[in-house]
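These notes are about the structure you will find just below.
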Amino acid sequence: MSHLFLIGFMGAGKSTVGRRVADALGMPFIDLDEQIERSTGRSVADIFAADGEQSFRAAESAALASLEDVEPAVIACGGGVVEDDANRRVLKELGRVIHLRVEADEALARIGDTSGRPLLAHGDAVAMASTLLAARETLYRTAADAVVDTSGASASEVAEEVVAIARSFGEAGG
Ligand code: S3P
């Protein structure tokens, strides 16, 4: 099996669910934001603040492309990874993609303190989240091979569903 990518909005549960899914499938887990933080030695918030979003996006694309040389893993992507056309092609080339769907209000409730999420940290977080989510909805849909609705579901329920889908990908030769 190739990589299993989890995409979706901030607060969708990609990292929490991804760890559980990786355990269940006996695969390594990679959090793309954490990988960027390790390789740059700075937090995502610091990169946004000091160098701007473009600089973060370049690091994100480089981190994603580098996964070509890594053994198959469950990978939690940052919520904005789908905005770049080339990133969406890389996702398709390197594995299967599952979209964890979440509504803006539930996403914000799960995130709680938005200070680590630069795109939601300034101004009206509800308005920002709704606008950004609406703008990305189609991108998440077109990038994904499958969608799991996380509304009202626990991380373990979502993980179970993702594992079942991943196994069906495996059976289909993915
Ligand atoms: C972002 C989501 C964040 C992080 C960065 C930008 C986005 O990751 O990559 O703050 O554009 O939606 P999470 O989705 O893991 O919070």
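Residues are named by chain letter and number: chains run A, B, ... in the order of the structure tokens, numbers start at 1 in each chain, and ligands are numbered from 1 in the order shown.
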Pick out the residues sitting within 7 Å of range 1-18 of chain A, and hand them over as an MDAnalysis selection string; count only C-alpha atoms, and ignore anything fewer than 2 positions along from it in its own chain.
chainID A and resid 20:22 29 31 72:77 79 94:102 107:108 110:111 133 140 155 158:159 170 174
Store the residues picked out above in a file with N, CA and C atoms, as a short mmCIF file (atom, residue, chain, number, x, y, z; two decimals), in the first residue's frame.
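For reference, again.cif as written:
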```
data_model
loop_
_atom_site.label_atom_id
_atom_site.label_comp_id
_atom_site.auth_asym_id
_atom_site.auth_seq_id
_atom_site.Cartn_x
_atom_site.Cartn_y
_atom_site.Cartn_z
N ARG A 20 -4.16 7.13 15.51
CA ARG A 20 -4.93 5.90 15.81
C ARG A 20 -4.95 4.97 14.59
N VAL A 21 -5.15 5.57 13.41
CA VAL A 21 -5.22 4.77 12.19
C VAL A 21 -3.87 4.10 11.92
N ALA A 22 -2.80 4.85 12.11
CA ALA A 22 -1.46 4.29 11.88
C ALA A 22 -1.23 3.10 12.81
N PHE A 29 3.39 6.96 11.39
CA PHE A 29 2.54 8.17 11.30
C PHE A 29 3.43 9.39 11.10
N ASP A 31 3.10 13.66 10.83
CA ASP A 31 2.31 14.88 10.84
C ASP A 31 3.11 15.92 10.06
N PRO A 72 5.69 3.65 3.18
CA PRO A 72 4.28 3.98 3.29
C PRO A 72 3.86 4.35 4.71
N ALA A 73 3.17 5.47 4.85
CA ALA A 73 2.80 6.00 6.17
C ALA A 73 1.41 6.59 6.11
N VAL A 74 0.85 6.78 7.30
CA VAL A 74 -0.38 7.57 7.44
C VAL A 74 0.08 9.00 7.68
N ILE A 75 -0.43 9.92 6.86
CA ILE A 75 0.09 11.28 6.91
C ILE A 75 -1.04 12.29 7.15
N ALA A 76 -0.92 13.04 8.25
CA ALA A 76 -1.86 14.12 8.52
C ALA A 76 -1.32 15.38 7.85
N CYS A 77 -2.08 15.92 6.90
CA CYS A 77 -1.65 17.12 6.18
C CYS A 77 -2.23 18.37 6.84
N GLY A 79 -4.29 21.82 6.88
CA GLY A 79 -5.57 22.08 6.23
C GLY A 79 -5.49 22.78 4.89
N LEU A 94 1.17 9.91 -4.80
CA LEU A 94 1.87 9.19 -3.73
C LEU A 94 0.97 8.32 -2.87
N GLY A 95 -0.33 8.38 -3.07
CA GLY A 95 -1.16 7.53 -2.22
C GLY A 95 -2.64 7.73 -2.39
N ARG A 96 -3.37 7.30 -1.35
CA ARG A 96 -4.81 7.47 -1.30
C ARG A 96 -5.12 8.58 -0.32
N VAL A 97 -6.23 9.27 -0.57
CA VAL A 97 -6.53 10.50 0.18
C VAL A 97 -7.91 10.40 0.80
N ILE A 98 -7.98 10.61 2.11
CA ILE A 98 -9.28 10.61 2.79
C ILE A 98 -9.53 12.00 3.37
N HIS A 99 -10.69 12.53 3.05
CA HIS A 99 -11.09 13.85 3.55
C HIS A 99 -11.91 13.68 4.82
N LEU A 100 -11.39 14.25 5.93
CA LEU A 100 -12.17 14.27 7.18
C LEU A 100 -12.96 15.57 7.17
N ARG A 101 -14.26 15.45 7.00
CA ARG A 101 -15.14 16.62 6.87
C ARG A 101 -15.57 17.13 8.23
N VAL A 102 -15.59 18.45 8.37
CA VAL A 102 -16.04 19.06 9.63
C VAL A 102 -16.69 20.39 9.31
N ALA A 107 -15.30 22.63 14.19
CA ALA A 107 -13.84 22.74 14.05
C ALA A 107 -13.30 23.71 15.10
N LEU A 108 -13.95 24.84 15.24
CA LEU A 108 -13.47 25.85 16.20
C LEU A 108 -13.61 25.36 17.63
N ARG A 110 -13.36 22.30 18.59
CA ARG A 110 -12.30 21.32 18.84
C ARG A 110 -10.95 22.01 19.00
N ILE A 111 -10.71 23.05 18.21
CA ILE A 111 -9.42 23.75 18.25
C ILE A 111 -9.26 24.48 19.59
N LEU A 133 -13.35 27.69 4.86
CA LEU A 133 -13.90 26.34 4.65
C LEU A 133 -14.74 26.32 3.37
N TYR A 140 -11.09 20.11 -1.29
CA TYR A 140 -11.03 18.89 -0.49
C TYR A 140 -11.74 17.75 -1.24
N ALA A 155 -13.07 10.62 18.03
CA ALA A 155 -11.87 10.29 17.26
C ALA A 155 -11.80 8.79 16.98
N VAL A 158 -14.24 7.89 14.16
CA VAL A 158 -13.72 8.33 12.85
C VAL A 158 -12.57 7.42 12.42
N ALA A 159 -11.69 7.11 13.38
CA ALA A 159 -10.54 6.26 13.05
C ALA A 159 -10.99 4.89 12.54
N GLY A 170 -6.75 -1.19 0.13
CA GLY A 170 -5.75 -2.25 0.02
C GLY A 170 -6.26 -3.42 -0.80
N GLY A 174 -4.77 -0.81 -3.87
CA GLY A 174 -4.17 0.51 -3.63
C GLY A 174 -2.97 0.42 -2.74
#
```
Would you mind writing down, as a PyMOL selection string, each residue of chain A that DSSP on the backbone assigns to strand (DSSP E)?
chain A and resi 3-7+29-31+74-76+95-101+146-149
Would you save the residues from that selection as a CSV table (one decimal), in the first residue's frame, using C-alpha atoms?
```
chain,number,residue,atom,x,y,z
A,3,HIS,CA,0.7,6.5,1.7
A,4,LEU,CA,-2.6,7.2,3.3
A,5,PHE,CA,-3.2,11.0,3.4
A,6,LEU,CA,-5.7,12.6,5.7
A,7,ILE,CA,-6.8,16.0,4.5
A,29,PHE,CA,2.5,8.2,11.3
A,30,ILE,CA,3.8,11.5,10.0
A,31,ASP,CA,2.3,14.9,10.8
A,74,VAL,CA,-0.4,7.6,7.4
A,75,ILE,CA,0.1,11.3,6.9
A,76,ALA,CA,-1.9,14.1,8.5
A,95,GLY,CA,-1.2,7.5,-2.2
A,96,ARG,CA,-4.8,7.5,-1.3
A,97,VAL,CA,-6.5,10.5,0.2
A,98,ILE,CA,-9.3,10.6,2.8
A,99,HIS,CA,-11.1,13.8,3.6
A,100,LEU,CA,-12.2,14.3,7.2
A,101,ARG,CA,-15.1,16.6,6.9
A,146,ALA,CA,-13.1,9.1,0.1
A,147,VAL,CA,-14.9,11.3,2.6
A,148,VAL,CA,-15.6,10.7,6.3
A,149,ASP,CA,-18.0,13.0,8.0
```
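Considering only C-alpha atoms and all ligand atoms, the residue among A:Gly26, A:Gly152, A:Gly78, A:Gly41 positioned nearest to ligand 1 is A:Gly78.
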Looking at only C-alpha atoms and all ligand atoms, which of A:Asp124, A:Glu161, A:Glu106, A:Glu34 is the one that sits closest to ligand 1?
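Under the stated criterion, the closest residue is A:Glu34.
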What parts of range 41-128 of chain A does DSSP call helix (DSSP H, G or I)? I'd like the answer as a compact mmCIF listing (two decimals) with N, CA, C and O atoms, in the first residue's frame.
```txt
# COMPACT_ATOMS: atom_id res chain seq x y z
N VAL A 44 4.92 26.60 13.33
CA VAL A 44 4.15 27.08 12.17
C VAL A 44 3.77 28.55 12.38
O VAL A 44 3.90 29.38 11.46
N ALA A 45 3.35 28.87 13.59
CA ALA A 45 2.94 30.26 13.87
C ALA A 45 4.12 31.22 13.67
O ALA A 45 3.95 32.32 13.12
N ASP A 46 5.32 30.80 14.09
CA ASP A 46 6.51 31.65 13.92
C ASP A 46 6.83 31.85 12.44
O ASP A 46 7.20 32.95 12.03
N ILE A 47 6.72 30.79 11.67
CA ILE A 47 7.04 30.90 10.23
C ILE A 47 6.07 31.90 9.58
O ILE A 47 6.48 32.78 8.82
N PHE A 48 4.78 31.76 9.89
CA PHE A 48 3.78 32.70 9.34
C PHE A 48 4.12 34.13 9.76
O PHE A 48 4.09 35.05 8.94
N ALA A 49 4.44 34.31 11.04
CA ALA A 49 4.65 35.67 11.57
C ALA A 49 5.92 36.30 11.00
O ALA A 49 5.93 37.47 10.62
N ALA A 50 6.99 35.50 10.93
CA ALA A 50 8.27 36.09 10.52
C ALA A 50 8.42 36.18 9.01
O ALA A 50 8.94 37.16 8.48
N ASP A 51 7.97 35.16 8.30
CA ASP A 51 8.25 35.08 6.85
C ASP A 51 7.00 35.12 5.98
O ASP A 51 7.10 35.17 4.76
N GLU A 53 2.85 33.71 4.92
CA GLU A 53 2.21 32.45 4.52
C GLU A 53 2.93 31.79 3.34
O GLU A 53 3.06 30.58 3.30
N GLN A 54 3.40 32.60 2.37
CA GLN A 54 4.03 32.02 1.18
C GLN A 54 5.22 31.15 1.55
O GLN A 54 5.44 30.09 0.96
N SER A 55 5.98 31.61 2.53
CA SER A 55 7.15 30.87 2.95
C SER A 55 6.74 29.54 3.59
O SER A 55 7.34 28.49 3.33
N PHE A 56 5.67 29.59 4.40
CA PHE A 56 5.16 28.35 4.98
C PHE A 56 4.69 27.40 3.89
O PHE A 56 4.96 26.20 3.93
N ARG A 57 3.99 27.95 2.88
CA ARG A 57 3.46 27.08 1.81
C ARG A 57 4.59 26.41 1.03
O ARG A 57 4.46 25.26 0.59
N ALA A 58 5.69 27.13 0.84
CA ALA A 58 6.84 26.55 0.13
C ALA A 58 7.41 25.39 0.95
O ALA A 58 7.71 24.31 0.41
N ALA A 59 7.52 25.59 2.26
CA ALA A 59 8.03 24.52 3.13
C ALA A 59 7.08 23.33 3.13
O ALA A 59 7.49 22.17 3.14
N GLU A 60 5.79 23.64 3.10
CA GLU A 60 4.76 22.58 3.10
C GLU A 60 4.86 21.75 1.82
O GLU A 60 4.83 20.51 1.86
N SER A 61 5.00 22.41 0.68
CA SER A 61 5.10 21.69 -0.59
C SER A 61 6.37 20.84 -0.63
O SER A 61 6.35 19.70 -1.11
N ALA A 62 7.46 21.38 -0.10
CA ALA A 62 8.72 20.62 -0.08
C ALA A 62 8.58 19.40 0.82
O ALA A 62 9.03 18.29 0.47
N ALA A 63 7.95 19.58 1.98
CA ALA A 63 7.76 18.45 2.91
C ALA A 63 6.89 17.38 2.26
O ALA A 63 7.16 16.17 2.37
N LEU A 64 5.86 17.80 1.57
CA LEU A 64 4.96 16.84 0.92
C LEU A 64 5.71 16.06 -0.17
O LEU A 64 5.64 14.83 -0.23
N ALA A 65 6.45 16.79 -1.01
CA ALA A 65 7.17 16.14 -2.11
C ALA A 65 8.21 15.15 -1.57
O ALA A 65 8.47 14.11 -2.19
N SER A 66 8.79 15.46 -0.41
CA SER A 66 9.84 14.59 0.14
C SER A 66 9.29 13.23 0.58
O SER A 66 10.05 12.29 0.79
N LEU A 67 7.99 13.11 0.68
CA LEU A 67 7.39 11.84 1.12
C LEU A 67 7.52 10.75 0.06
O LEU A 67 7.26 9.58 0.35
N GLU A 68 7.93 11.14 -1.12
CA GLU A 68 8.13 10.14 -2.18
C GLU A 68 9.18 9.12 -1.76
O GLU A 68 9.13 7.96 -2.18
N ASP A 69 10.14 9.56 -0.95
CA ASP A 69 11.26 8.69 -0.58
C ASP A 69 11.06 7.99 0.77
O ASP A 69 12.02 7.47 1.34
N VAL A 81 -3.14 22.32 2.52
CA VAL A 81 -2.29 21.63 1.54
C VAL A 81 -2.97 21.52 0.18
O VAL A 81 -2.30 21.51 -0.86
N VAL A 82 -4.29 21.49 0.16
CA VAL A 82 -5.02 21.30 -1.10
C VAL A 82 -5.09 22.57 -1.96
O VAL A 82 -5.53 22.51 -3.10
N GLU A 83 -4.67 23.70 -1.40
CA GLU A 83 -4.81 24.95 -2.16
C GLU A 83 -3.88 25.00 -3.36
O GLU A 83 -4.17 25.67 -4.34
N ASP A 85 -2.19 23.49 -6.66
CA ASP A 85 -2.49 22.46 -7.69
C ASP A 85 -1.46 21.34 -7.67
O ASP A 85 -1.80 20.16 -7.75
N ALA A 86 -0.19 21.74 -7.59
CA ALA A 86 0.89 20.74 -7.62
C ALA A 86 0.79 19.81 -6.41
O ALA A 86 1.00 18.60 -6.52
N ASN A 87 0.44 20.37 -5.24
CA ASN A 87 0.28 19.52 -4.05
C ASN A 87 -0.82 18.49 -4.28
O ASN A 87 -0.69 17.34 -3.87
N ARG A 88 -1.91 18.93 -4.90
CA ARG A 88 -3.01 17.97 -5.12
C ARG A 88 -2.56 16.84 -6.05
O ARG A 88 -2.94 15.70 -5.87
N ARG A 89 -1.72 17.17 -7.03
CA ARG A 89 -1.19 16.13 -7.91
C ARG A 89 -0.28 15.18 -7.13
O ARG A 89 -0.35 13.96 -7.30
N VAL A 90 0.55 15.73 -6.26
CA VAL A 90 1.46 14.89 -5.46
C VAL A 90 0.66 13.95 -4.57
O VAL A 90 0.97 12.75 -4.46
N LEU A 91 -0.40 14.45 -3.96
CA LEU A 91 -1.25 13.60 -3.11
C LEU A 91 -1.74 12.40 -3.92
O LEU A 91 -1.66 11.25 -3.46
N LYS A 92 -2.24 12.68 -5.11
CA LYS A 92 -2.78 11.58 -5.96
C LYS A 92 -1.69 10.59 -6.34
O LYS A 92 -1.92 9.38 -6.39
N GLU A 93 -0.51 11.14 -6.65
CA GLU A 93 0.58 10.27 -7.12
C GLU A 93 1.12 9.37 -6.01
O GLU A 93 1.49 8.24 -6.25
N LEU A 94 1.17 9.91 -4.80
CA LEU A 94 1.87 9.19 -3.73
C LEU A 94 0.97 8.32 -2.87
O LEU A 94 1.47 7.60 -2.00
N ALA A 104 -17.58 24.40 10.35
CA ALA A 104 -16.74 25.44 10.94
C ALA A 104 -16.93 25.54 12.46
O ALA A 104 -15.94 25.65 13.21
N ASP A 105 -18.18 25.50 12.93
CA ASP A 105 -18.39 25.68 14.37
C ASP A 105 -17.79 24.53 15.18
O ASP A 105 -17.17 24.73 16.22
N GLU A 106 -17.94 23.32 14.67
CA GLU A 106 -17.38 22.17 15.39
C GLU A 106 -15.84 22.21 15.33
O GLU A 106 -15.16 21.87 16.31
N ALA A 107 -15.30 22.63 14.19
CA ALA A 107 -13.84 22.74 14.05
C ALA A 107 -13.30 23.71 15.10
O ALA A 107 -12.34 23.41 15.81
N LEU A 108 -13.95 24.84 15.24
CA LEU A 108 -13.47 25.85 16.20
C LEU A 108 -13.61 25.36 17.63
O LEU A 108 -12.74 25.61 18.47
N ALA A 109 -14.68 24.64 17.90
CA ALA A 109 -14.87 24.10 19.25
C ALA A 109 -13.75 23.11 19.58
O ALA A 109 -13.22 23.09 20.69
N ARG A 110 -13.36 22.30 18.59
CA ARG A 110 -12.30 21.32 18.84
C ARG A 110 -10.95 22.01 19.00
O ARG A 110 -10.12 21.59 19.82
N ILE A 111 -10.71 23.05 18.21
CA ILE A 111 -9.42 23.75 18.25
C ILE A 111 -9.26 24.48 19.59
O ILE A 111 -8.19 24.47 20.19
N THR A 114 -6.98 29.39 19.38
CA THR A 114 -6.55 29.46 17.97
C THR A 114 -5.16 30.08 17.80
O THR A 114 -4.74 30.30 16.66
N SER A 115 -4.45 30.33 18.90
CA SER A 115 -3.18 31.05 18.75
C SER A 115 -2.14 30.27 17.93
O SER A 115 -1.26 30.87 17.32
N GLY A 116 -2.26 28.95 17.88
CA GLY A 116 -1.32 28.17 17.07
C GLY A 116 -1.77 28.03 15.63
O GLY A 116 -1.10 27.37 14.83
N ALA A 125 -12.73 34.67 14.35
CA ALA A 125 -12.37 33.30 13.96
C ALA A 125 -13.53 32.58 13.29
O ALA A 125 -13.33 31.81 12.35
N VAL A 126 -14.76 32.84 13.74
CA VAL A 126 -15.92 32.15 13.15
C VAL A 126 -16.07 32.56 11.68
O VAL A 126 -16.25 31.71 10.79
N ALA A 127 -15.97 33.85 11.42
CA ALA A 127 -16.10 34.34 10.04
C ALA A 127 -14.95 33.82 9.18
O ALA A 127 -15.17 33.36 8.04
N MET A 128 -13.74 33.84 9.73
CA MET A 128 -12.57 33.37 8.97
C MET A 128 -12.72 31.89 8.63
O MET A 128 -12.46 31.47 7.50
```
For a test of reading the model, state the distance in Å between atom 4 (C, counted along the ligand's line) of ligand 1 and CA of Leu119 in chain A, rounded to one decimal.
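That distance, rounded to one decimal, is 8.2 Å.
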Which residue, A:Ser156, A:Ser151, A:Gln35, A:Thr138, has the smallest gap to ligand 1 when you use only C-alpha atoms and all ligand atoms?
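Using only C-alpha atoms and all ligand atoms, ligand 1 sits closest to A:Gln35.
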Coordinates-based distance that separates CA of Ala134 in chain A from CA of His122 in chain A (Å, one decimal):
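CA of Ala134 in chain A lies 18.6 Å from CA of His122 in chain A.
Using only C-alpha atoms and all ligand atoms, the nearest neighbour of ligand 1 within the list A:Asp33, A:Asp113, A:Glu157, A:Glu71 is A:Asp33.
Between CA of Arg42 in chain A and atom 12 (O, counted along the ligand's line) of ligand 1 the interatomic distance comes to 17.6 Å.
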